[in-house]
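Engineer: I am sharing data.cif, which consists of mmCIF, C-alpha atoms and all ligand atoms:
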data_my_file
loop_
_atom_site.label_atom_id
_atom_site.label_comp_id
_atom_site.auth_asym_id
_atom_site.auth_seq_id
_atom_site.Cartn_x
_atom_site.Cartn_y
_atom_site.Cartn_z
CA MET A 1 -29.34 -21.75 61.75
CA SER A 2 -27.15 -19.54 59.59
CA VAL A 3 -28.76 -17.13 57.16
CA ALA A 4 -27.29 -14.83 54.54
CA GLU A 5 -25.39 -11.83 55.88
CA ARG A 6 -27.78 -9.43 54.13
CA MET A 7 -30.54 -10.44 56.55
CA SER A 8 -28.70 -8.65 59.37
CA ARG A 9 -29.10 -5.41 57.41
CA LEU A 10 -32.90 -5.59 57.31
CA GLY A 11 -34.97 -3.74 59.90
CA THR A 12 -38.67 -4.13 60.63
CA GLU A 13 -41.92 -2.32 61.41
CA THR A 14 -42.53 -2.21 65.16
CA ALA A 15 -46.23 -1.50 64.62
CA PHE A 16 -46.86 -5.14 63.71
CA GLU A 17 -44.93 -6.35 66.80
CA VAL A 18 -46.88 -4.12 69.18
CA LEU A 19 -50.14 -5.15 67.50
CA GLY A 20 -49.21 -8.80 68.20
CA LYS A 21 -48.50 -8.04 71.90
CA ALA A 22 -51.72 -6.05 72.20
CA ARG A 23 -53.74 -8.92 70.72
CA ALA A 24 -52.13 -11.35 73.20
CA LEU A 25 -53.19 -9.11 76.13
CA GLU A 26 -56.71 -8.85 74.67
CA ALA A 27 -56.87 -12.64 74.46
CA LYS A 28 -56.24 -12.67 78.24
CA GLY A 29 -59.15 -10.28 78.74
CA GLN A 30 -57.43 -6.86 78.94
CA ASP A 31 -59.09 -3.93 77.19
CA ILE A 32 -56.64 -2.17 74.83
CA VAL A 33 -57.07 1.02 72.80
CA HIS A 34 -55.25 0.57 69.49
CA LEU A 35 -53.25 3.61 68.47
CA GLU A 36 -50.29 1.67 67.10
CA ILE A 37 -51.20 0.63 63.59
CA GLY A 38 -51.37 3.07 60.69
CA GLU A 39 -54.57 2.17 58.95
CA PRO A 40 -57.91 3.91 58.52
CA ASP A 41 -60.59 2.27 60.68
CA PHE A 42 -63.26 3.00 58.04
CA ASP A 43 -64.64 0.37 55.68
CA THR A 44 -63.58 0.54 52.04
CA PRO A 45 -66.28 2.57 50.21
CA LYS A 46 -69.03 0.31 48.88
CA HIS A 47 -68.72 1.19 45.19
CA ILE A 48 -65.10 -0.05 45.31
CA THR A 49 -65.99 -3.33 47.04
CA ASP A 50 -68.86 -3.82 44.57
CA ALA A 51 -66.45 -3.37 41.65
CA ALA A 52 -64.14 -6.04 43.11
CA ILE A 53 -67.05 -8.48 43.56
CA GLN A 54 -68.17 -7.85 39.99
CA ALA A 55 -64.60 -8.38 38.74
CA LEU A 56 -64.44 -11.72 40.57
CA LYS A 57 -67.78 -12.75 39.05
CA ASP A 58 -66.50 -11.73 35.62
CA GLY A 59 -63.55 -14.08 36.02
CA HIS A 60 -60.73 -11.60 36.63
CA THR A 61 -58.88 -14.13 38.73
CA HIS A 62 -55.80 -14.76 36.60
CA TYR A 63 -52.31 -13.35 36.20
CA GLY A 64 -52.12 -9.92 34.63
CA PRO A 65 -49.32 -7.87 33.07
CA THR A 66 -46.45 -7.29 35.52
CA ALA A 67 -46.73 -3.49 35.38
CA GLY A 68 -50.51 -3.56 35.93
CA ILE A 69 -53.65 -3.87 33.79
CA PRO A 70 -53.83 -1.17 31.07
CA GLU A 71 -57.15 0.25 32.39
CA LEU A 72 -55.62 0.93 35.81
CA ARG A 73 -52.32 2.29 34.48
CA GLU A 74 -54.35 4.68 32.32
CA ALA A 75 -56.60 5.72 35.23
CA ILE A 76 -53.54 6.31 37.44
CA ALA A 77 -51.80 8.34 34.73
CA ARG A 78 -54.92 10.52 34.39
CA ASN A 79 -55.27 10.92 38.15
CA VAL A 80 -51.59 11.72 38.82
CA SER A 81 -51.50 14.15 35.87
CA LYS A 82 -54.50 15.98 37.33
CA THR A 83 -53.54 15.94 41.01
CA ARG A 84 -49.88 16.93 40.47
CA GLY A 85 -50.35 19.20 37.48
CA ILE A 86 -47.97 17.18 35.29
CA LYS A 87 -48.21 15.05 32.18
CA VAL A 88 -47.87 11.35 33.04
CA SER A 89 -48.05 8.57 30.45
CA PRO A 90 -49.52 5.15 31.41
CA ASP A 91 -46.13 3.63 30.45
CA GLN A 92 -44.57 5.38 33.42
CA VAL A 93 -46.90 3.65 35.90
CA VAL A 94 -46.09 0.39 37.71
CA VAL A 95 -48.81 -1.16 39.91
CA THR A 96 -47.71 -3.32 42.86
CA PRO A 97 -49.29 -5.22 45.78
CA GLY A 98 -49.18 -2.23 48.19
CA GLY A 99 -47.04 0.87 47.93
CA LYS A 100 -44.26 -0.74 49.96
CA PRO A 101 -42.73 -2.73 47.05
CA ILE A 102 -42.30 0.59 45.16
CA MET A 103 -39.99 1.73 47.97
CA PHE A 104 -38.14 -1.57 47.86
CA PHE A 105 -37.79 -1.62 44.07
CA ALA A 106 -36.82 2.05 43.67
CA ILE A 107 -34.07 1.81 46.29
CA LEU A 108 -32.80 -1.56 45.02
CA ALA A 109 -32.76 -0.35 41.42
CA LEU A 110 -30.84 2.86 42.11
CA ALA A 111 -28.70 2.61 45.25
CA GLN A 112 -25.66 0.44 45.88
CA LYS A 113 -22.44 0.20 47.88
CA GLY A 114 -20.57 3.50 47.79
CA ASP A 115 -23.76 5.56 47.30
CA GLU A 116 -25.42 7.75 49.88
CA VAL A 117 -29.16 8.06 50.36
CA LEU A 118 -30.66 11.02 52.24
CA TYR A 119 -33.87 10.34 54.11
CA PRO A 120 -35.89 12.02 56.88
CA ASN A 121 -35.33 10.77 60.42
CA PRO A 122 -37.65 9.95 62.13
CA SER A 123 -39.49 8.35 59.21
CA PHE A 124 -41.18 5.18 57.97
CA PRO A 125 -38.67 2.53 59.17
CA ILE A 126 -38.57 0.65 55.89
CA TYR A 127 -36.61 3.43 54.15
CA GLU A 128 -33.57 2.95 56.36
CA SER A 129 -33.99 -0.81 56.28
CA MET A 130 -34.01 -0.86 52.49
CA ILE A 131 -31.11 1.56 52.15
CA ARG A 132 -28.99 -0.71 54.36
CA PHE A 133 -30.17 -3.76 52.43
CA SER A 134 -29.01 -2.12 49.17
CA GLU A 135 -25.58 -1.59 50.86
CA ALA A 136 -25.79 2.16 50.30
CA LYS A 137 -25.11 4.47 53.25
CA PRO A 138 -28.18 5.95 54.98
CA VAL A 139 -27.70 9.69 55.66
CA PRO A 140 -30.44 10.93 58.02
CA VAL A 141 -31.87 14.45 57.78
CA ARG A 142 -33.18 15.23 61.25
CA LEU A 143 -36.77 16.41 61.66
CA ILE A 144 -37.04 18.75 64.62
CA GLU A 145 -40.01 19.32 66.95
CA LYS A 146 -39.60 23.10 67.13
CA ASP A 147 -39.77 23.31 63.30
CA GLY A 148 -43.04 21.36 63.35
CA TYR A 149 -40.94 18.47 61.97
CA ARG A 150 -40.62 20.05 58.54
CA MET A 151 -37.46 19.08 56.71
CA ASP A 152 -34.82 21.83 56.97
CA ILE A 153 -33.65 22.30 53.39
CA GLU A 154 -30.40 24.01 54.49
CA ASP A 155 -29.60 21.06 56.68
CA LEU A 156 -30.36 18.72 53.79
CA ALA A 157 -28.07 20.80 51.55
CA SER A 158 -25.22 20.38 54.05
CA LYS A 159 -25.60 16.60 53.81
CA LEU A 160 -25.38 16.37 50.01
CA SER A 161 -22.11 14.93 48.73
CA PRO A 162 -20.71 13.74 45.40
CA LYS A 163 -21.84 10.26 46.52
CA THR A 164 -25.52 11.23 46.98
CA ARG A 165 -27.62 9.09 44.67
CA LEU A 166 -31.11 9.33 46.06
CA VAL A 167 -33.17 11.68 48.27
CA ILE A 168 -36.28 10.30 49.94
CA LEU A 169 -39.14 12.66 50.75
CA ASN A 170 -42.40 11.91 52.51
CA SER A 171 -45.17 14.50 52.67
CA PRO A 172 -47.53 14.33 54.54
CA GLN A 173 -45.10 12.56 56.83
CA ASN A 174 -45.24 9.38 58.88
CA PRO A 175 -44.68 9.54 61.89
CA CYS A 176 -44.59 13.33 62.38
CA GLY A 177 -47.60 14.52 60.36
CA SER A 178 -45.58 17.38 58.82
CA VAL A 179 -46.32 18.66 55.32
CA MET A 180 -43.77 20.19 52.92
CA THR A 181 -44.82 23.65 51.75
CA LYS A 182 -44.62 24.96 48.20
CA GLY A 183 -41.59 26.99 49.36
CA ASP A 184 -39.84 23.89 50.78
CA ILE A 185 -40.37 22.05 47.51
CA ALA A 186 -39.17 24.98 45.39
CA ALA A 187 -36.00 25.39 47.52
CA LEU A 188 -35.25 21.69 47.28
CA ALA A 189 -35.87 21.66 43.53
CA GLU A 190 -33.43 24.53 43.11
CA LEU A 191 -30.85 22.75 45.22
CA LEU A 192 -31.10 19.50 43.25
CA GLY A 193 -31.67 21.13 39.86
CA ASP A 194 -28.12 20.71 38.52
CA ARG A 195 -27.40 17.39 40.19
CA GLU A 196 -28.49 15.15 37.34
CA ASP A 197 -27.01 12.13 39.14
CA ILE A 198 -29.52 12.46 42.00
CA TYR A 199 -33.00 10.89 41.91
CA VAL A 200 -35.86 11.63 44.28
CA LEU A 201 -38.27 9.09 45.76
CA SER A 202 -41.32 11.13 46.76
CA ASP A 203 -43.60 9.10 49.03
CA GLU A 204 -47.01 10.76 48.66
CA ILE A 205 -49.19 8.00 50.09
CA TYR A 206 -50.91 10.43 52.54
CA LYS A 207 -51.52 13.18 49.94
CA ASP A 208 -55.31 13.10 50.45
CA ILE A 209 -55.08 13.63 54.21
CA ILE A 210 -54.02 17.26 54.61
CA TYR A 211 -55.57 19.76 57.07
CA SER A 212 -54.49 23.10 55.66
CA GLY A 213 -53.22 24.19 52.28
CA ARG A 214 -52.74 21.53 49.64
CA HIS A 215 -50.33 18.84 48.55
CA HIS A 216 -47.29 19.93 46.54
CA SER A 217 -45.24 17.36 44.67
CA ILE A 218 -41.63 17.84 43.66
CA ALA A 219 -42.58 15.90 40.50
CA ALA A 220 -44.11 19.16 39.20
CA GLU A 221 -40.81 21.06 39.43
CA PRO A 222 -38.79 21.58 36.26
CA GLY A 223 -35.48 19.67 36.18
CA VAL A 224 -35.66 17.48 39.28
CA GLY A 225 -39.25 16.52 38.39
CA GLN A 226 -37.81 14.50 35.51
CA ARG A 227 -35.80 12.48 38.06
CA THR A 228 -38.62 12.02 40.56
CA MET A 229 -40.29 8.71 41.37
CA ILE A 230 -43.73 9.10 42.98
CA LEU A 231 -44.95 6.46 45.43
CA ASP A 232 -48.69 6.40 46.03
CA GLY A 233 -51.42 3.85 46.58
CA PHE A 234 -54.91 2.99 47.74
CA SER A 235 -54.27 1.94 51.37
CA LYS A 236 -54.70 5.29 53.11
CA SER A 237 -56.85 7.39 50.74
CA TYR A 238 -59.53 4.73 50.20
CA ALA A 239 -59.15 2.66 53.42
CA MET A 240 -57.83 -0.28 51.40
CA THR A 241 -54.81 -1.44 53.47
CA GLY A 242 -55.78 -5.11 53.28
CA TRP A 243 -56.29 -5.04 49.52
CA ARG A 244 -52.55 -4.52 49.01
CA LEU A 245 -52.54 -2.13 46.09
CA GLY A 246 -50.10 0.66 45.38
CA TYR A 247 -48.20 2.18 42.50
CA GLY A 248 -45.19 4.14 41.40
CA VAL A 249 -44.77 6.72 38.64
CA PHE A 250 -41.24 6.63 37.24
CA PRO A 251 -39.05 8.44 34.73
CA PRO A 252 -39.32 6.33 31.52
CA ALA A 253 -35.70 5.04 31.71
CA VAL A 254 -36.29 3.64 35.21
CA VAL A 255 -39.51 1.73 34.39
CA PRO A 256 -37.95 -1.44 32.83
CA HIS A 257 -35.78 -1.95 35.93
CA ILE A 258 -38.74 -1.66 38.29
CA VAL A 259 -40.76 -4.07 36.12
CA LYS A 260 -37.85 -6.52 36.18
CA LEU A 261 -37.77 -6.42 39.99
CA ALA A 262 -41.55 -6.95 40.07
CA ALA A 263 -41.25 -9.90 37.66
CA ASN A 264 -38.63 -11.42 39.95
CA SER A 265 -40.72 -11.05 43.09
CA VAL A 266 -44.48 -10.45 42.95
CA SER A 267 -45.25 -11.21 39.23
CA CYS A 268 -48.22 -8.81 39.29
CA ALA A 269 -50.82 -7.28 41.59
CA PRO A 270 -54.15 -9.19 41.87
CA THR A 271 -56.28 -8.46 38.82
CA PHE A 272 -59.71 -8.15 40.47
CA THR A 273 -58.41 -5.62 43.01
CA GLN A 274 -56.91 -3.61 40.15
CA ARG A 275 -60.38 -3.37 38.60
CA ALA A 276 -61.73 -2.11 41.94
CA ALA A 277 -58.93 0.45 41.99
CA VAL A 278 -60.17 1.87 38.68
CA ALA A 279 -63.55 2.39 40.39
CA ALA A 280 -61.76 4.04 43.35
CA LEU A 281 -60.01 6.58 41.11
CA GLU A 282 -62.86 7.23 38.71
CA GLY A 283 -65.79 7.11 41.15
CA SER A 284 -66.93 9.69 43.70
CA GLN A 285 -64.16 11.17 45.87
CA GLU A 286 -66.70 12.17 48.56
CA PRO A 287 -65.76 9.25 50.87
CA VAL A 288 -62.10 10.36 50.74
CA LYS A 289 -63.07 13.89 51.77
CA LYS A 290 -65.37 12.60 54.54
CA MET A 291 -62.61 10.44 56.00
CA ALA A 292 -60.14 13.33 55.90
CA ALA A 293 -62.66 15.58 57.70
CA GLU A 294 -63.13 13.00 60.44
CA PHE A 295 -59.33 12.61 60.80
CA ARG A 296 -59.13 16.35 61.29
CA ALA A 297 -61.63 16.27 64.17
CA ARG A 298 -59.67 13.42 65.74
CA ARG A 299 -56.43 15.32 65.28
CA ASP A 300 -57.83 18.28 67.18
CA LEU A 301 -59.04 16.00 69.96
CA ILE A 302 -55.82 14.04 70.39
CA VAL A 303 -53.49 17.07 70.20
CA LYS A 304 -55.52 18.93 72.84
CA GLY A 305 -55.66 15.83 75.04
CA LEU A 306 -51.94 15.06 74.77
CA ASN A 307 -50.94 18.64 75.50
CA SER A 308 -53.00 18.55 78.71
CA ILE A 309 -50.89 15.69 80.09
CA PRO A 310 -47.96 16.88 82.27
CA GLY A 311 -44.60 16.55 80.49
CA ILE A 312 -46.04 15.87 77.03
CA ASN A 313 -45.67 18.34 74.17
CA CYS A 314 -47.45 17.66 70.90
CA PRO A 315 -46.96 19.94 67.88
CA GLU A 316 -50.05 20.08 65.64
CA PRO A 317 -49.76 17.63 62.72
CA GLN A 318 -50.74 19.14 59.35
CA GLY A 319 -51.46 15.86 57.57
CA ALA A 320 -51.61 12.02 57.72
CA PHE A 321 -53.16 10.53 60.91
CA TYR A 322 -50.28 10.46 63.37
CA ALA A 323 -49.40 12.53 66.43
CA PHE A 324 -45.73 12.58 67.41
CA PRO A 325 -45.40 14.19 70.84
CA SER A 326 -42.26 14.60 72.89
CA VAL A 327 -42.50 12.72 76.20
CA LYS A 328 -39.15 13.94 77.50
CA GLY A 329 -40.81 16.09 80.16
CA THR A 330 -42.49 13.08 81.77
CA GLY A 331 -39.18 11.48 82.72
CA ILE A 332 -40.47 8.21 81.21
CA GLY A 333 -38.38 6.80 78.35
CA SER A 334 -40.12 6.33 75.00
CA LEU A 335 -39.58 2.56 74.98
CA ASP A 336 -41.07 2.40 78.48
CA PHE A 337 -44.02 4.36 77.16
CA GLN A 338 -44.54 1.72 74.49
CA GLU A 339 -44.07 -1.33 76.75
CA ARG A 340 -45.55 -0.14 80.04
CA GLY A 341 -48.13 2.07 78.36
CA LEU A 342 -49.51 -1.06 76.74
CA LYS A 343 -49.49 -3.29 79.83
CA GLU A 344 -50.28 -0.75 82.55
CA ALA A 345 -52.39 1.87 80.76
CA GLY A 346 -53.91 -0.38 78.09
CA VAL A 347 -52.91 1.92 75.22
CA ALA A 348 -51.04 0.48 72.25
CA LEU A 349 -48.66 3.11 70.82
CA LEU A 350 -45.16 3.16 69.36
CA ASN A 351 -41.88 4.46 70.70
CA GLY A 352 -40.40 7.17 68.51
CA ALA A 353 -37.05 5.42 68.12
CA ALA A 354 -38.85 2.76 66.05
CA PHE A 355 -38.77 5.47 63.35
CA GLY A 356 -35.05 6.20 63.61
CA LYS A 357 -32.53 7.38 66.17
CA TYR A 358 -33.85 10.95 66.25
CA GLY A 359 -37.21 9.63 67.40
CA GLU A 360 -35.83 8.88 70.87
CA GLY A 361 -37.82 10.79 73.50
CA PHE A 362 -40.99 10.80 71.36
CA ILE A 363 -43.95 8.47 70.86
CA ARG A 364 -46.24 7.95 67.87
CA LEU A 365 -49.99 7.63 68.20
CA SER A 366 -52.10 6.78 65.19
CA TYR A 367 -55.45 8.56 65.54
CA ALA A 368 -57.13 6.35 62.96
CA ASN A 369 -59.52 5.30 65.73
CA SER A 370 -62.89 6.61 66.95
CA GLN A 371 -63.16 9.83 68.96
CA GLN A 372 -64.56 7.77 71.82
CA ASN A 373 -61.49 5.53 71.87
CA ILE A 374 -59.14 8.52 71.55
CA LYS A 375 -60.81 10.08 74.63
CA LYS A 376 -60.44 6.79 76.48
CA ALA A 377 -56.74 6.56 75.55
CA ILE A 378 -56.06 10.14 76.68
CA ASP A 379 -57.78 9.54 80.04
CA ARG A 380 -55.77 6.39 80.59
CA LEU A 381 -52.44 7.96 79.61
CA ASP A 382 -53.16 11.03 81.73
CA GLY A 383 -53.77 8.93 84.85
CA TRP A 384 -50.78 6.71 84.14
CA VAL A 385 -48.34 9.60 83.52
CA ARG A 386 -49.53 11.48 86.62
CA LYS A 387 -48.83 8.34 88.66
CA ASN A 388 -45.55 7.27 87.05
CA GLY A 389 -44.05 10.46 85.56
CA LYS A 390 -41.78 13.06 87.10
CA LYS A 391 -43.42 14.35 90.29
CA THR A 392 -41.63 17.68 90.03
CA ASN A 393 -43.44 18.53 86.85
CA THR A 394 -45.92 21.29 87.55
CA LYS A 395 -46.26 22.57 83.97
CA LYS A 396 -49.94 21.60 83.64
N1 LIG B 401 -45.27 4.95 52.89
C1 LIG B 401 -45.56 5.35 54.13
C2 LIG B 401 -44.97 6.62 54.65
C3 LIG B 401 -46.39 4.58 54.96
O1 LIG B 401 -46.68 5.00 56.19
C4 LIG B 401 -46.89 3.35 54.44
C5 LIG B 401 -47.72 2.47 55.29
O2 LIG B 401 -47.87 2.64 56.47
C6 LIG B 401 -46.55 2.99 53.14
C7 LIG B 401 -45.75 3.81 52.38
C8 LIG B 401 -46.99 1.69 52.51
O3 LIG B 401 -48.33 1.50 52.47
P1 LIG B 401 -48.96 0.28 51.62
O4 LIG B 401 -47.89 -0.73 51.38
O5 LIG B 401 -50.07 -0.24 52.49
O6 LIG B 401 -49.46 0.88 50.36
#
Kindly present the structure from the file in structure tokens form.
Structural biologist:
Amino acid sequence: MSVAERMSRLGTETAFEVLGKARALEAKGQDIVHLEIGEPDFDTPKHITDAAIQALKDGHTHYGPTAGIPELREAIARNVSKTRGIKVSPDQVVVTPGGKPIMFFAILALAQKGDEVLYPNPSFPIYESMIRFSEAKPVPVRLIEKDGYRMDIEDLASKLSPKTRLVILNSPQNPCGSVMTKGDIAALAELLGDREDIYVLSDEIYKDIIYSGRHHSIAAEPGVGQRTMILDGFSKSYAMTGWRLGYGVFPPAVVPHIVKLAANSVSCAPTFTQRAAVAALEGSQEPVKKMAAEFRARRDLIVKGLNSIPGINCPEPQGAFYAFPSVKGTGIGSLDFQERGLKEAGVALLNGAAFGKYGEGFIRLSYANSQQNIKKAIDRLDGWVRKNGKKTNTKK
């Protein structure tokens, strides 16, 4: 069968593939610890689910406005204004089924053949996939282990060119767990200040899961803030991955183009889930804080455990719920870690190269799983690496 050429430019998310393989092994009776998929294992807080049930009972089961119901756009504008210290109008908000379409729409609306898009590498694989799909050139900015995977602003500066159209940021970061500091943001804002042709897509979907300091958004910076598109959503903060609800906050001139793309693809986000999202934003934020505290305890557990395995080095993630250790010292390739680790050790994890070429030699483990399961995974990996890894390694 022949398909359109553009299909060859689309990548994918390996997490869903590994999940499928893990489920197949489970169906045959093997016990697997799931550290592959990036979703909170907690239930959605009850007051949010109750609001959705009430909305269904009240008949909110029809199409809604493409950009989102007014109540939710207003609640988002209030929330983003407060959390980022900026003034957002509800007209700047577009609600979508998940945050992912915001990425898709922003890149499609702004980038095209002849443009260059800077993005972190390793990073969420859909950025590079979408950049290629738009026919723009992906220009990776390498995240380095010894820098705790924080983006090097000087390196980014060296990659800017007259063709640069878009810069993608993600803090807290998937897969590395790094967090941009206030200083990083200020330096970047200064760098991009005069480049009025460059827009920023700031993916802030993990903003509520930070272990030290606080979240800083480039949207709050003078100049470049006016050209910043914020991506956020409900999946990670409120354990609502399956609800498919996210949003973008755009400069006013960009909004009609994003709405046009939404009208051509998804029409609108489900209306009863949007009502639940109002309850999520306006209700108690205690569940969000509780989840973040538990992620922190799991982070400490997994980092300590990984660093006790010979040949593995895991910098401490500062946010999100991913550990991204180097496995170079084990002598086992990262793809082997993913494939054999699943079959032989019973631990589902992802090879770092699934997040870009600079992820080679690393693996990603999502610690959105119980402490008991994390301990089990570490024990299994420890035994497996000691048996199959470099025998000369005496580091630990
Ligand atoms: N951005 C990043 C960095 C992510 O890791 C994810 C999901 O894993 C998303 C955006 C999209 O999340 P959703 O579409 O569930 O809102």
Engineer: Go through A:Leu110, A:Thr271, A:Pro315, A:Pro172 one by one, measure the shortest atom-to-atom distance of each to Gly213 (chain A) using only C-alpha atoms, and give the residue with the smallest value.
Structural biologist: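 Smallest distance to Gly213 (chain A) is found for A:Pro172.
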Engineer: Select the residues contacting ligand LIG 401 (chain B) at a distance of at most 7 Å, based on only C-alpha atoms and all ligand atoms, then format the selection as a PyMOL selection string.
Structural biologist: chain A and resi 38+98-100+124+170+173-174+203+205+233-235+241+244-246
Engineer: Would you mind telling me which residue in A:Ala136, A:Ala189, A:Ile126, A:Ala292 lies nearest to Gln112 (chain A) when using all atoms listed in the file?
Structural biologist: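 Checking each of A:Ala136, A:Ala189, A:Ile126, A:Ala292 against Gln112 (chain A), counting all atoms listed in the file, the winner is A:Ala136.
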Engineer: When you look at region 144-153 of chain A with a cut-off of 8 Å (counting all atoms listed in the file), what residues show up, excluding the ones that are within fewer than 6 positions of it in the same chain? I need them as a compact mmCIF listing (two decimals) with C-alpha atoms, in the frame of the given file.
Structural biologist:
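Resulting contents of result.txt:
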# COMPACT_ATOMS: atom_id res chain seq x y z
CA PRO A 120 -35.89 12.02 56.88
CA CYS A 176 -44.59 13.33 62.38
CA GLY A 177 -47.60 14.52 60.36
CA SER A 178 -45.58 17.38 58.82
CA VAL A 179 -46.32 18.66 55.32
CA MET A 180 -43.77 20.19 52.92
CA ASP A 184 -39.84 23.89 50.78
CA ALA A 187 -36.00 25.39 47.52
CA LEU A 188 -35.25 21.69 47.28
CA PRO A 315 -46.96 19.94 67.88
CA GLU A 316 -50.05 20.08 65.64
CA PRO A 317 -49.76 17.63 62.72
CA SER A 326 -42.26 14.60 72.89
Engineer: If you measure from CA of Asn121 (chain A) to CA of Arg142 (chain A), what distance in Å do you get, rounded to one decimal?
Structural biologist: 5.0 Å
Engineer: Given the choices A:Lys21, A:His34, A:His60, A:Arg132, which gets closest to Arg364 (chain A) if the distance is worked out from only C-alpha atoms?
Structural biologist: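 Result for the nearest residue to Arg364 (chain A): A:His34.
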Engineer: Counting only C-alpha atoms, which residue out of A:Gly85, A:Gly361, A:Gly242, A:Pro101 sits closest to Ile332 (chain A)?
Structural biologist: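 Of A:Gly85, A:Gly361, A:Gly242, A:Pro101, the one nearest Ile332 (chain A) is A:Gly361, counting only C-alpha atoms.
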Engineer: CA of Val141 (chain A) and CA of Lys304 (chain A) are how many Å apart?
Structural biologist: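 Going from CA of Val141 (chain A) over to CA of Lys304 (chain A) covers 28.4 Å.
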Engineer: Write out as a PDB file with C-alpha atoms, in the coordinates of the input each polymer residue whose atoms come within 10 Å of region 55-58 of chain A, counting only C-alpha atoms; drop sequence neighbours fewer than 5 positions from it.
Structural biologist:
ATOM      1  CA  THR A  49     -65.990  -3.330  47.040  1.00  0.00           C
ATOM      2  CA  ASP A  50     -68.860  -3.820  44.570  1.00  0.00           C
ATOM      3  CA  THR A 271     -56.280  -8.460  38.820  1.00  0.00           C
ATOM      4  CA  PHE A 272     -59.710  -8.150  40.470  1.00  0.00           C
ATOM      5  CA  THR A 273     -58.410  -5.620  43.010  1.00  0.00           C
ATOM      6  CA  GLN A 274     -56.910  -3.610  40.150  1.00  0.00           C
ATOM      7  CA  ARG A 275     -60.380  -3.370  38.600  1.00  0.00           C
ATOM      8  CA  ALA A 276     -61.730  -2.110  41.940  1.00  0.00           C
TER       9      ALA A 276
END
Engineer: Within 9 Å of Ala280 (chain A), counting only C-alpha atoms, which residues qualify if same-chain residues fewer than 6 places away don't, as an NGL selection string?
Structural biologist: :A and (45 or 47-48 or 51 or 234 or 238)
Engineer: Write the residues you've just listed into a file as a compact mmCIF listing (two decimals), in the coordinates of the input, and include C-alpha atoms for each of them.
Structural biologist:
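Below is the file that was written, part_32.txt:
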# COMPACT_ATOMS: atom_id res chain seq x y z
CA PRO A 45 -66.28 2.57 50.21
CA HIS A 47 -68.72 1.19 45.19
CA ILE A 48 -65.10 -0.05 45.31
CA ALA A 51 -66.45 -3.37 41.65
CA PHE A 234 -54.91 2.99 47.74
CA TYR A 238 -59.53 4.73 50.20
Engineer: One decimal, Å: what's the distance from CA of Leu35 (chain A) over to CA of Ser308 (chain A), could you say?
Structural biologist: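 Here the two named atoms are 18.1 Å from each other.
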Engineer: For Leu192 (chain A), work out the shell of residues within 12 Å, counting all atoms listed in the file and skipping chain neighbours fewer than 2 positions away, then give it as a PyMOL selection string.
Structural biologist: chain A and resi 153+156-157+160-161+164-167+185-190+194-200+218+221-228
Engineer: Write a file of the just-selected residues containing C-alpha atoms, as a PDB file, in the coordinates of the input.
Structural biologist:
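Result written to result_35.pdb:
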ATOM      1  CA  ILE A 153     -33.650  22.300  53.390  1.00  0.00           C
ATOM      2  CA  LEU A 156     -30.360  18.720  53.790  1.00  0.00           C
ATOM      3  CA  ALA A 157     -28.070  20.800  51.550  1.00  0.00           C
ATOM      4  CA  LEU A 160     -25.380  16.370  50.010  1.00  0.00           C
ATOM      5  CA  SER A 161     -22.110  14.930  48.730  1.00  0.00           C
ATOM      6  CA  THR A 164     -25.520  11.230  46.980  1.00  0.00           C
ATOM      7  CA  ARG A 165     -27.620   9.090  44.670  1.00  0.00           C
ATOM      8  CA  LEU A 166     -31.110   9.330  46.060  1.00  0.00           C
ATOM      9  CA  VAL A 167     -33.170  11.680  48.270  1.00  0.00           C
ATOM     10  CA  ILE A 185     -40.370  22.050  47.510  1.00  0.00           C
ATOM     11  CA  ALA A 186     -39.170  24.980  45.390  1.00  0.00           C
ATOM     12  CA  ALA A 187     -36.000  25.390  47.520  1.00  0.00           C
ATOM     13  CA  LEU A 188     -35.250  21.690  47.280  1.00  0.00           C
ATOM     14  CA  ALA A 189     -35.870  21.660  43.530  1.00  0.00           C
ATOM     15  CA  GLU A 190     -33.430  24.530  43.110  1.00  0.00           C
ATOM     16  CA  ASP A 194     -28.120  20.710  38.520  1.00  0.00           C
ATOM     17  CA  ARG A 195     -27.400  17.390  40.190  1.00  0.00           C
ATOM     18  CA  GLU A 196     -28.490  15.150  37.340  1.00  0.00           C
ATOM     19  CA  ASP A 197     -27.010  12.130  39.140  1.00  0.00           C
ATOM     20  CA  ILE A 198     -29.520  12.460  42.000  1.00  0.00           C
ATOM     21  CA  TYR A 199     -33.000  10.890  41.910  1.00  0.00           C
ATOM     22  CA  VAL A 200     -35.860  11.630  44.280  1.00  0.00           C
ATOM     23  CA  ILE A 218     -41.630  17.840  43.660  1.00  0.00           C
ATOM     24  CA  GLU A 221     -40.810  21.060  39.430  1.00  0.00           C
ATOM     25  CA  PRO A 222     -38.790  21.580  36.260  1.00  0.00           C
ATOM     26  CA  GLY A 223     -35.480  19.670  36.180  1.00  0.00           C
ATOM     27  CA  VAL A 224     -35.660  17.480  39.280  1.00  0.00           C
ATOM     28  CA  GLY A 225     -39.250  16.520  38.390  1.00  0.00           C
ATOM     29  CA  GLN A 226     -37.810  14.500  35.510  1.00  0.00           C
ATOM     30  CA  ARG A 227     -35.800  12.480  38.060  1.00  0.00           C
ATOM     31  CA  THR A 228     -38.620  12.020  40.560  1.00  0.00           C
TER      32      THR A 228
END
Engineer: Using only C-alpha atoms, find the one residue out of A:Glu294, A:Asp300, A:Glu135, A:Glu116 that sits nearest to Lys159 (chain A).
Structural biologist: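 Counting only C-alpha atoms, the residue closest to Lys159 (chain A) is A:Glu116.
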